[in-house]
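Structure file query-v8.cif (mmCIF, C-alpha atoms (C1' of nucleotides)) follows.
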data_data
#
loop_
_atom_site.label_atom_id
_atom_site.label_comp_id
_atom_site.auth_asym_id
_atom_site.auth_seq_id
_atom_site.Cartn_x
_atom_site.Cartn_y
_atom_site.Cartn_z
CA MET A 1 -32.24 -18.00 -7.49
CA GLU A 2 -32.88 -14.31 -7.86
CA LEU A 3 -31.19 -11.87 -5.54
CA THR A 4 -33.08 -9.19 -3.68
CA PRO A 5 -31.75 -5.63 -3.94
CA VAL A 6 -30.21 -5.87 -0.49
CA THR A 7 -28.41 -9.16 -1.02
CA GLU A 8 -27.29 -8.04 -4.44
CA GLN A 9 -25.77 -4.89 -2.98
CA PHE A 10 -24.09 -6.87 -0.26
CA VAL A 11 -22.62 -9.38 -2.70
CA LEU A 12 -21.41 -6.72 -5.10
CA HIS A 13 -19.77 -4.69 -2.37
CA TRP A 14 -18.13 -7.73 -0.85
CA GLY A 15 -16.71 -8.50 -4.27
CA GLU A 16 -15.29 -5.01 -4.62
CA MET A 17 -13.74 -5.08 -1.17
CA GLY A 18 -12.30 -8.48 -1.99
CA THR A 19 -10.32 -7.06 -4.87
CA ARG A 20 -8.80 -4.46 -2.53
CA TRP A 21 -7.78 -7.26 -0.22
CA GLY A 22 -6.06 -9.11 -3.00
CA VAL A 23 -8.94 -11.57 -3.25
CA ASN A 24 -10.45 -12.38 -6.62
CA ARG A 25 -13.77 -10.61 -7.08
CA THR A 26 -15.73 -13.75 -7.93
CA VAL A 27 -14.24 -15.58 -4.96
CA ALA A 28 -15.43 -12.85 -2.62
CA GLN A 29 -18.85 -12.68 -4.26
CA ILE A 30 -19.40 -16.40 -3.91
CA HIS A 31 -18.46 -16.23 -0.30
CA ALA A 32 -20.87 -13.36 0.32
CA LEU A 33 -23.62 -15.23 -1.48
CA LEU A 34 -23.15 -18.36 0.60
CA TYR A 35 -22.95 -16.27 3.73
CA LEU A 36 -26.38 -14.76 3.13
CA SER A 37 -27.96 -17.90 1.74
CA ASP A 38 -30.01 -19.92 4.16
CA ARG A 39 -29.04 -23.22 2.57
CA ALA A 40 -26.08 -24.82 0.84
CA LEU A 41 -25.91 -24.06 -2.90
CA THR A 42 -24.68 -26.08 -5.86
CA ALA A 43 -22.05 -24.71 -8.22
CA ASP A 44 -24.72 -24.35 -10.89
CA GLU A 45 -26.98 -22.30 -8.68
CA ILE A 46 -24.06 -20.01 -7.89
CA THR A 47 -23.20 -19.76 -11.58
CA GLU A 48 -26.71 -18.73 -12.47
CA THR A 49 -27.19 -16.32 -9.59
CA LEU A 50 -23.95 -14.46 -10.09
CA GLY A 51 -23.99 -14.67 -13.87
CA VAL A 52 -20.40 -15.86 -14.23
CA ALA A 53 -18.90 -18.82 -16.01
CA ARG A 54 -19.25 -22.26 -14.53
CA SER A 55 -15.50 -22.77 -14.62
CA ASN A 56 -14.97 -19.54 -12.79
CA VAL A 57 -17.22 -20.78 -10.00
CA SER A 58 -15.39 -24.08 -9.92
CA ASN A 59 -12.00 -22.44 -9.51
CA SER A 60 -13.24 -19.91 -7.02
CA ILE A 61 -14.80 -22.58 -4.85
CA LYS A 62 -11.54 -24.47 -4.92
CA GLU A 63 -9.82 -21.41 -3.54
CA LEU A 64 -12.45 -20.91 -0.85
CA LEU A 65 -12.07 -24.57 0.13
CA SER A 66 -8.32 -24.10 0.45
CA TRP A 67 -8.96 -21.21 2.82
CA ARG A 68 -11.40 -23.47 4.71
CA LEU A 69 -13.96 -20.73 4.32
CA VAL A 70 -16.33 -23.03 2.47
CA LYS A 71 -17.28 -26.62 3.12
CA VAL A 72 -18.92 -29.26 0.98
CA ALA A 73 -22.30 -30.50 2.13
CA HIS A 74 -24.08 -33.50 0.67
CA ILE A 75 -27.80 -33.78 0.37
CA MET A 76 -29.61 -37.11 0.32
CA GLY A 77 -30.65 -38.20 -3.13
CA ASP A 78 -28.57 -35.56 -4.88
CA ARG A 79 -25.17 -36.40 -6.18
CA ARG A 80 -24.07 -32.85 -6.71
CA ASP A 81 -21.82 -31.06 -4.27
CA HIS A 82 -23.51 -28.39 -2.23
CA PHE A 83 -21.42 -25.60 -0.74
CA GLU A 84 -21.88 -23.66 2.45
CA THR A 85 -19.95 -21.30 4.67
CA SER A 86 -20.05 -20.61 8.36
CA LYS A 87 -22.68 -18.08 9.37
CA ASP A 88 -20.57 -16.98 12.31
CA VAL A 89 -18.74 -13.72 11.51
CA TRP A 90 -16.17 -14.38 14.20
CA GLU A 91 -15.45 -17.77 12.81
CA LEU A 92 -15.06 -16.30 9.35
CA PHE A 93 -12.76 -13.61 10.60
CA LYS A 94 -10.52 -16.13 12.30
CA LEU A 95 -10.26 -18.16 9.11
CA ILE A 96 -9.44 -15.11 7.03
CA VAL A 97 -6.77 -13.94 9.44
CA ALA A 98 -5.26 -17.41 9.63
CA GLY A 99 -5.15 -17.62 5.85
CA ARG A 100 -3.58 -14.23 5.42
CA LYS A 101 -1.05 -14.89 8.12
CA GLN A 102 0.07 -18.02 6.36
CA LYS A 103 0.39 -16.35 3.00
CA GLU A 104 1.80 -13.00 4.05
CA ILE A 105 3.39 -13.08 7.45
CA GLU A 106 5.12 -16.42 7.50
CA PRO A 107 7.15 -15.90 4.31
CA THR A 108 8.29 -12.56 5.70
CA LEU A 109 9.36 -14.06 9.00
CA GLN A 110 11.28 -16.69 7.12
CA ILE A 111 13.15 -14.15 5.01
CA LEU A 112 13.94 -12.08 8.09
CA ASP A 113 15.28 -15.14 9.86
CA GLU A 114 17.44 -15.94 6.87
CA LEU A 115 18.78 -12.41 6.69
CA LEU A 116 19.58 -12.39 10.39
CA ALA A 117 21.39 -15.70 10.11
CA SER A 118 23.35 -14.88 6.96
CA SER A 119 27.07 -14.22 7.13
CA ASP A 120 26.56 -10.89 5.37
CA PHE A 121 24.40 -9.66 8.18
CA LYS A 122 27.32 -8.98 10.52
CA LYS A 123 28.77 -6.61 7.94
CA GLU A 124 25.80 -4.28 8.14
CA SER A 125 25.87 -1.07 10.13
CA HIS A 126 24.61 -1.14 13.68
CA GLU A 127 21.49 0.85 12.72
CA THR A 128 20.55 -1.45 9.87
CA ARG A 129 21.01 -4.55 11.96
CA GLN A 130 18.96 -3.07 14.74
CA ARG A 131 16.11 -2.13 12.40
CA ILE A 132 15.93 -5.58 10.87
CA GLU A 133 16.06 -7.17 14.30
CA GLU A 134 13.31 -4.90 15.57
CA THR A 135 11.18 -5.70 12.55
CA GLN A 136 11.55 -9.41 13.14
CA GLN A 137 10.80 -8.99 16.84
CA PHE A 138 7.74 -6.95 16.11
CA ILE A 139 6.24 -9.36 13.64
CA HIS A 140 7.03 -12.18 16.01
CA VAL A 141 5.21 -10.65 18.97
CA LEU A 142 2.26 -9.68 16.81
CA THR A 143 2.03 -13.17 15.40
CA GLN A 144 2.11 -14.86 18.76
CA TRP A 145 -0.54 -12.54 20.03
CA SER A 146 -2.80 -13.13 17.05
CA ASP A 147 -2.35 -16.87 17.47
CA GLU A 148 -3.66 -16.49 21.00
CA MET A 149 -6.65 -14.56 19.77
CA LEU A 150 -7.39 -17.03 17.01
CA ARG A 151 -7.63 -19.82 19.53
CA LEU A 152 -10.48 -18.13 21.35
CA ASP A 153 -14.14 -18.91 20.85
CA PRO A 154 -16.41 -16.09 19.67
CA GLU A 155 -17.79 -14.99 23.02
CA THR A 156 -14.39 -14.95 24.68
CA LEU A 157 -12.89 -13.00 21.81
CA MET A 158 -15.70 -10.48 22.14
CA LYS A 159 -14.93 -10.05 25.81
CA VAL A 160 -11.24 -9.60 25.15
CA LEU A 161 -11.92 -6.95 22.56
CA LYS A 162 -14.23 -5.05 24.85
CA LEU A 163 -11.77 -5.33 27.70
CA GLY A 164 -8.98 -4.15 25.44
CA ALA A 165 -10.08 -0.54 25.51
CA LYS A 166 -10.40 -0.45 29.27
CA ILE A 167 -7.07 -2.10 29.87
CA SER A 168 -5.21 0.11 27.46
CA ASN A 169 -6.65 3.11 29.27
CA LEU A 170 -5.50 1.74 32.61
CA ILE A 171 -1.99 1.10 31.36
CA ARG A 172 -1.81 4.46 29.73
CA ARG A 173 -2.79 6.19 32.94
CA GLU A 174 -0.33 4.12 34.93
CA THR A 175 2.48 4.84 32.50
CA LYS A 176 1.88 8.51 32.03
CA GLY A 177 0.16 9.74 35.18
CA MET B 1 24.08 4.43 -3.39
CA GLU B 2 24.78 0.75 -3.79
CA LEU B 3 22.78 -1.74 -1.76
CA THR B 4 24.43 -4.47 0.28
CA PRO B 5 23.16 -8.02 -0.25
CA VAL B 6 21.15 -7.87 2.97
CA THR B 7 19.43 -4.57 2.27
CA GLU B 8 18.80 -5.60 -1.31
CA GLN B 9 17.11 -8.80 -0.14
CA PHE B 10 15.06 -6.89 2.36
CA VAL B 11 13.93 -4.31 -0.19
CA LEU B 12 13.06 -6.92 -2.80
CA HIS B 13 11.09 -9.02 -0.36
CA TRP B 14 9.23 -6.01 0.99
CA GLY B 15 8.31 -5.17 -2.58
CA GLU B 16 6.95 -8.65 -3.19
CA MET B 17 4.94 -8.65 0.01
CA GLY B 18 3.61 -5.25 -0.94
CA THR B 19 2.05 -6.62 -4.09
CA ARG B 20 0.25 -9.26 -2.02
CA TRP B 21 -1.09 -6.50 0.17
CA GLY B 22 -2.42 -4.61 -2.79
CA VAL B 23 0.46 -2.14 -2.62
CA ASN B 24 2.40 -1.25 -5.72
CA ARG B 25 5.78 -3.01 -5.75
CA THR B 26 7.82 0.15 -6.25
CA VAL B 27 5.92 1.92 -3.48
CA ALA B 28 6.78 -0.85 -1.06
CA GLN B 29 10.41 -0.98 -2.20
CA ILE B 30 10.88 2.73 -1.72
CA HIS B 31 9.43 2.47 1.73
CA ALA B 32 11.76 -0.40 2.63
CA LEU B 33 14.72 1.52 1.28
CA LEU B 34 13.94 4.61 3.34
CA TYR B 35 13.33 2.43 6.36
CA LEU B 36 16.82 0.96 6.21
CA SER B 37 18.54 4.15 5.11
CA ASP B 38 20.24 6.11 7.87
CA ARG B 39 19.45 9.44 6.22
CA ALA B 40 16.76 11.08 4.11
CA LEU B 41 17.13 10.38 0.38
CA THR B 42 16.33 12.44 -2.70
CA ALA B 43 14.07 11.13 -5.42
CA ASP B 44 17.09 10.81 -7.70
CA GLU B 45 19.01 8.74 -5.21
CA ILE B 46 16.04 6.42 -4.89
CA THR B 47 15.71 6.24 -8.67
CA GLU B 48 19.32 5.26 -9.07
CA THR B 49 19.39 2.79 -6.19
CA LEU B 50 16.27 0.92 -7.20
CA GLY B 51 16.86 1.22 -10.93
CA VAL B 52 13.34 2.36 -11.79
CA ALA B 53 12.06 5.35 -13.74
CA ARG B 54 12.21 8.77 -12.16
CA SER B 55 8.51 9.31 -12.73
CA ASN B 56 7.73 6.04 -11.07
CA VAL B 57 9.56 7.22 -7.96
CA SER B 58 7.72 10.51 -8.08
CA ASN B 59 4.32 8.87 -8.19
CA SER B 60 5.20 6.29 -5.59
CA ILE B 61 6.43 8.92 -3.16
CA LYS B 62 3.21 10.81 -3.66
CA GLU B 63 1.32 7.72 -2.59
CA LEU B 64 3.55 7.17 0.43
CA LEU B 65 3.02 10.79 1.43
CA SER B 66 -0.74 10.35 1.20
CA TRP B 67 -0.44 7.39 3.57
CA ARG B 68 1.70 9.59 5.84
CA LEU B 69 4.30 6.87 5.77
CA VAL B 70 6.90 9.22 4.33
CA LYS B 71 7.74 12.80 5.19
CA VAL B 72 9.64 15.49 3.34
CA ALA B 73 12.83 16.75 4.96
CA HIS B 74 14.76 19.77 3.80
CA ILE B 75 18.48 20.11 4.01
CA MET B 76 20.23 23.46 4.24
CA GLY B 77 21.71 24.64 0.99
CA ASP B 78 19.92 21.98 -1.07
CA ARG B 79 16.74 22.81 -2.88
CA ARG B 80 15.76 19.23 -3.53
CA ASP B 81 13.24 17.42 -1.40
CA HIS B 82 14.64 14.70 0.79
CA PHE B 83 12.39 11.88 1.92
CA GLU B 84 12.42 9.87 5.09
CA THR B 85 10.21 7.44 6.99
CA SER B 86 9.84 6.69 10.66
CA LYS B 87 12.33 4.14 11.94
CA ASP B 88 9.85 2.96 14.55
CA VAL B 89 8.18 -0.28 13.45
CA TRP B 90 5.27 0.33 15.78
CA GLU B 91 4.73 3.76 14.38
CA LEU B 92 4.80 2.35 10.85
CA PHE B 93 2.37 -0.37 11.74
CA LYS B 94 -0.09 2.11 13.17
CA LEU B 95 0.09 4.21 10.02
CA ILE B 96 -0.43 1.20 7.78
CA VAL B 97 -3.40 -0.02 9.79
CA ALA B 98 -4.93 3.44 9.84
CA GLY B 99 -4.53 3.73 6.09
CA ARG B 100 -6.03 0.35 5.38
CA LYS B 101 -8.89 0.96 7.75
CA GLN B 102 -9.79 4.12 5.91
CA LYS B 103 -9.65 2.51 2.49
CA GLU B 104 -11.17 -0.87 3.30
CA ILE B 105 -13.21 -0.83 6.47
CA GLU B 106 -14.92 2.51 6.34
CA PRO B 107 -16.52 2.06 2.89
CA THR B 108 -17.80 -1.31 4.06
CA LEU B 109 -19.32 0.12 7.21
CA GLN B 110 -20.98 2.80 5.16
CA ILE B 111 -22.54 0.31 2.75
CA LEU B 112 -23.74 -1.82 5.64
CA ASP B 113 -25.31 1.21 7.29
CA GLU B 114 -27.05 2.09 4.05
CA LEU B 115 -28.36 -1.44 3.62
CA LEU B 116 -29.65 -1.54 7.17
CA ALA B 117 -31.40 1.79 6.72
CA SER B 118 -32.92 1.02 3.32
CA SER B 119 -36.62 0.39 2.98
CA ASP B 120 -35.90 -2.88 1.22
CA PHE B 121 -34.12 -4.20 4.29
CA LYS B 122 -37.32 -4.91 6.18
CA LYS B 123 -38.44 -7.21 3.38
CA GLU B 124 -35.51 -9.56 3.93
CA SER B 125 -35.84 -12.81 5.83
CA HIS B 126 -35.08 -12.82 9.50
CA GLU B 127 -31.87 -14.78 8.95
CA THR B 128 -30.56 -12.44 6.29
CA ARG B 129 -31.29 -9.39 8.36
CA GLN B 130 -29.63 -10.92 11.35
CA ARG B 131 -26.50 -11.81 9.42
CA ILE B 132 -26.11 -8.34 7.99
CA GLU B 133 -26.69 -6.83 11.41
CA GLU B 134 -24.14 -9.14 12.98
CA THR B 135 -21.63 -8.28 10.31
CA GLN B 136 -22.06 -4.59 10.91
CA GLN B 137 -21.81 -5.08 14.67
CA PHE B 138 -18.68 -7.13 14.31
CA ILE B 139 -16.87 -4.67 12.12
CA HIS B 140 -17.96 -1.89 14.41
CA VAL B 141 -16.56 -3.50 17.55
CA LEU B 142 -13.35 -4.42 15.80
CA THR B 143 -12.95 -0.90 14.48
CA GLN B 144 -13.47 0.72 17.85
CA TRP B 145 -11.01 -1.65 19.40
CA SER B 146 -8.38 -1.00 16.76
CA ASP B 147 -8.90 2.75 17.19
CA GLU B 148 -8.06 2.30 20.85
CA MET B 149 -4.93 0.39 19.99
CA LEU B 150 -3.84 2.93 17.42
CA ARG B 151 -3.95 5.65 20.00
CA LEU B 152 -1.37 3.90 22.17
CA ASP B 153 2.31 4.69 22.19
CA PRO B 154 4.72 1.88 21.30
CA GLU B 155 5.63 0.72 24.80
CA THR B 156 2.03 0.69 25.96
CA LEU B 157 0.95 -1.21 22.88
CA MET B 158 3.67 -3.75 23.57
CA LYS B 159 2.39 -4.23 27.11
CA VAL B 160 -1.18 -4.65 25.91
CA LEU B 161 -0.16 -7.29 23.39
CA LYS B 162 1.81 -9.19 26.00
CA LEU B 163 -1.05 -8.94 28.46
CA GLY B 164 -3.48 -10.10 25.81
CA ALA B 165 -2.38 -13.69 26.01
CA LYS B 166 -2.63 -13.81 29.79
CA ILE B 167 -6.02 -12.17 29.89
CA SER B 168 -7.49 -14.38 27.23
CA ASN B 169 -6.31 -17.37 29.23
CA LEU B 170 -7.96 -16.03 32.35
CA ILE B 171 -11.24 -15.39 30.60
CA ARG B 172 -11.16 -18.76 28.96
CA ARG B 173 -10.65 -20.47 32.28
CA GLU B 174 -13.37 -18.42 33.89
CA THR B 175 -15.81 -19.15 31.08
CA LYS B 176 -15.15 -22.83 30.70
CA GLY B 177 -13.85 -24.04 34.04
"C1'" DC C 1 12.69 37.72 -16.49
"C1'" DC C 2 15.76 34.00 -18.01
"C1'" DT C 3 18.07 29.78 -17.17
"C1'" DT C 4 18.29 25.55 -15.35
"C1'" DA C 5 17.11 22.01 -12.09
"C1'" DA C 6 13.33 19.46 -10.06
"C1'" DT C 7 9.05 17.52 -10.40
"C1'" DT C 8 4.72 16.01 -12.40
"C1'" DT C 9 1.63 14.67 -16.06
"C1'" DC C 10 0.55 11.90 -19.78
"C1'" DA C 11 0.50 8.60 -23.47
"C1'" DC C 12 2.24 4.29 -24.54
"C1'" DT C 13 3.95 -0.64 -23.76
"C1'" DG C 14 4.57 -4.93 -21.47
"C1'" DT C 15 2.83 -7.91 -17.92
"C1'" DT C 16 -0.25 -9.87 -15.00
"C1'" DT C 17 -4.81 -11.28 -13.80
"C1'" DA C 18 -9.78 -12.42 -14.43
"C1'" DC C 19 -12.93 -14.72 -16.98
"C1'" DA C 20 -15.38 -17.35 -20.63
"C1'" DG C 21 -16.07 -21.31 -23.28
"C1'" DA C 22 -14.46 -25.62 -25.12
"C1'" DA C 23 -12.40 -29.89 -24.19
"C1'" DA C 24 -11.15 -33.40 -21.08
"C1'" DT C 25 -11.61 -35.89 -16.97
"C1'" DT C 26 -13.87 -37.86 -13.10
"C1'" DA C 27 -17.43 -40.30 -10.87
"C1'" DC C 28 -22.09 -41.95 -10.24
"C1'" DT C 29 -26.03 -45.11 -11.85
"C1'" DG C 30 -28.18 -48.57 -13.90
"C1'" DC D 1 -19.07 -51.06 -18.74
"C1'" DA D 2 -21.94 -47.82 -21.15
"C1'" DG D 3 -24.14 -43.40 -20.52
"C1'" DT D 4 -24.72 -39.23 -18.37
"C1'" DA D 5 -24.07 -35.67 -14.96
"C1'" DA D 6 -20.64 -33.04 -12.55
"C1'" DT D 7 -16.41 -31.03 -12.31
"C1'" DT D 8 -11.88 -29.56 -13.67
"C1'" DT D 9 -8.32 -28.25 -16.85
"C1'" DC D 10 -6.88 -25.73 -20.69
"C1'" DT D 11 -6.64 -21.96 -23.97
"C1'" DG D 12 -7.62 -17.60 -25.73
"C1'" DT D 13 -9.23 -12.87 -24.91
"C1'" DA D 14 -10.26 -8.78 -22.47
"C1'" DA D 15 -9.35 -5.76 -18.79
"C1'" DA D 16 -6.47 -3.85 -15.18
"C1'" DC D 17 -2.12 -2.47 -13.62
"C1'" DA D 18 2.81 -1.28 -13.37
"C1'" DG D 19 6.28 1.06 -15.24
"C1'" DT D 20 8.80 3.90 -18.83
"C1'" DG D 21 10.25 8.07 -21.13
"C1'" DA D 22 9.01 12.29 -23.32
"C1'" DA D 23 6.75 16.52 -22.74
"C1'" DA D 24 4.88 19.98 -19.73
"C1'" DT D 25 4.92 22.41 -15.55
"C1'" DT D 26 6.77 24.42 -11.47
"C1'" DA D 27 10.03 26.88 -8.91
"C1'" DA D 28 14.70 28.58 -7.48
"C1'" DG D 29 18.77 31.58 -8.34
"C1'" DG D 30 20.97 34.75 -10.64
#
Take the structure in the file and write it out as structure tokens.
Amino acid sequence: MELTPVTEQFVLHWGEMGTRWGVNRTVAQIHALLYLSDRALTADEITETLGVARSNVSNSIKELLSWRLVKVAHIMGDRRDHFETSKDVWELFKLIVAGRKQKEIEPTLQILDELLASSDFKKESHETRQRIEETQQFIHVLTQWSDEMLRLDPETLMKVLKLGAKISNLIRRETKG
Amino acid sequence: MELTPVTEQFVLHWGEMGTRWGVNRTVAQIHALLYLSDRALTADEITETLGVARSNVSNSIKELLSWRLVKVAHIMGDRRDHFETSKDVWELFKLIVAGRKQKEIEPTLQILDELLASSDFKKESHETRQRIEETQQFIHVLTQWSDEMLRLDPETLMKVLKLGAKISNLIRRETKG
DNA sequence: CCTTAATTTCACTGTTTACAGAAATTACTG
DNA sequence: CAGTAATTTCTGTAAACAGTGAAATTAAGG
């Protein structure tokens, strides 16, 4: 499998952006490759196309599987695993957000809950307590809201997003004018 | 400045989460410290409180300033810079999102635009072209929407988020039922 | 200007992370 | 239950990054 200039650019850039998102470069590249590919690929094909070590591909795929971003597909008469990803951007986005929420937001909420419940908390100044409470509240509201969004199907989500602008304008006018 | 157990926990956790977000640990810790502090702090106070090198604080503050998350405050009769951050979670969130958008989304949009405009693009298969176009579209819509949100003041944003759930339910019912 | 405090730059060190390649394990097939 | 293909685990190395402390720079006050 040789990459065309366009797909190569796409894959490379996706890899770079991945690193900025705290995602391993190879992991992001594999995902990009599968996203553009019109069929499921074997680990060996990925290895050859990206020019990385076989073991690297193996580990990266394992991570993508854990994020549910990649699925295994079997092909009749071939015992190798073939890997594919959803071609639906919205679907991908939902999976990425869900994954990040689990790894980044939930631990924070837990710590905040613990702090709020701890006996030391009462000893803090009013301002400090209020700030920590507000932080917890904020993350909580945001999380609930994102859960709602994540439950939507692509078309509905699209409508909500497009409505968002209009509604926020309405509210703003109502509040200020 | 000695930290209480609660603030210490908060600062340490914020630092850890920072690293997962691709933010330097010290940078995140300083931000957390200023967030909980009830007054602006000097670089030396931060140094002492966090137990890190003075230069590290200097560099980290520079980064926070570039994100506009921290501002310099001057105090009469003191020539040192004092640093403070907004105590408004919503305000902070907007700044963080704006910063990340600039560093992560905009370069991606640019690359996608370049790919779409390149002469090689026409040579790609229909499916590939469609996927890249959809990706660009998606990021574009999401960006516009988030720009709208970022323009809102805290209370309005809160209302929009709370409305979000209701509206998405309405649309879902309308679409499916 | 000169002194001294504040701040930044820079070179170095320790730590973490990514990756390759070898070795080991798993699992299909006859 | 071989024999072989596929996959994973393990180990070492290279690269990236965070953080320190000394040296250099900047700037305020006399």
May I have the residues of chain B within 8 Å of chain D, counting all atoms listed in the file, written as a list of chain:residue names?
B:Asn24, B:Val52, B:Ala53, B:Asn56, B:Arg79
Sort by chain and increasing residue number a table of all residues of chain C within 9 Å of chain B, each with its closest pair of atoms and their distance in Å to one decimal, counting all atoms listed in the file, and write it as a Markdown table.
| residue | atom | partner | partner_atom | distance |
| --- | --- | --- | --- | --- |
| C:DA6 | C1' | B:Arg80 | CA | 7.0 |
| C:DT7 | C1' | B:Ser58 | CA | 7.5 |
| C:DT8 | C1' | B:Ser58 | CA | 7.6 |
Distance cut-off 6 Å, counting all atoms listed in the file - which residues of chain A neighbour chain B? Return them as a PDB file with C-alpha atoms, in the frame of the given file.
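Output file out-v9.pdb follows:
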ATOM      1  CA  GLY A  22      -6.060  -9.110  -3.000  1.00  0.00           C
ATOM      2  CA  LEU A  36     -26.380 -14.760   3.130  1.00  0.00           C
ATOM      3  CA  THR A 128      20.550  -1.450   9.870  1.00  0.00           C
ATOM      4  CA  GLU A 148      -3.660 -16.490  21.000  1.00  0.00           C
ATOM      5  CA  ALA A 165     -10.080  -0.540  25.510  1.00  0.00           C
TER       6      ALA A 165
END
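Atom pair CA of Leu12 in chain A / CA of Thr47 in chain A: separated by 14.7 Å.
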With 5 Å of padding per side, what axis-aligned box (centre and edge lengths, Å, one decimal) covers all the listed atoms of range 38-54 of chain A? Give it as AutoDock Vina command-line options.
--center_x -24.5 --center_y -20.3 --center_z -5.9 --size_x 21.1 --size_y 21.6 --size_z 30.2
Go through the shown structure with the PyMOL selection byres ((chain B and resi 84) around 7) and write out the matching residues as a list in words.
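With the PyMOL selection byres ((chain B and resi 84) around 7) on this model, the match is Leu34, Ala40, Leu41, Val70, Lys71, Val72, Ala73, His82, Phe83, Thr85 and Ser86 of chain B.
Straight-line separation from CA of Leu69 in chain B to CA of Lys101 in chain A: 22.5 Å.
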Which residue is closest to Glu91 in chain A? Choose from A:His74, A:Arg173, A:Arg39, A:Arg68 and count all atoms listed in the file.
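Among A:His74, A:Arg173, A:Arg39, A:Arg68, it is A:Arg68 that comes nearest to Glu91 in chain A.
A straight line drawn from CA of Lys94 in chain A to CA of Val97 in chain B is 17.8 Å long.
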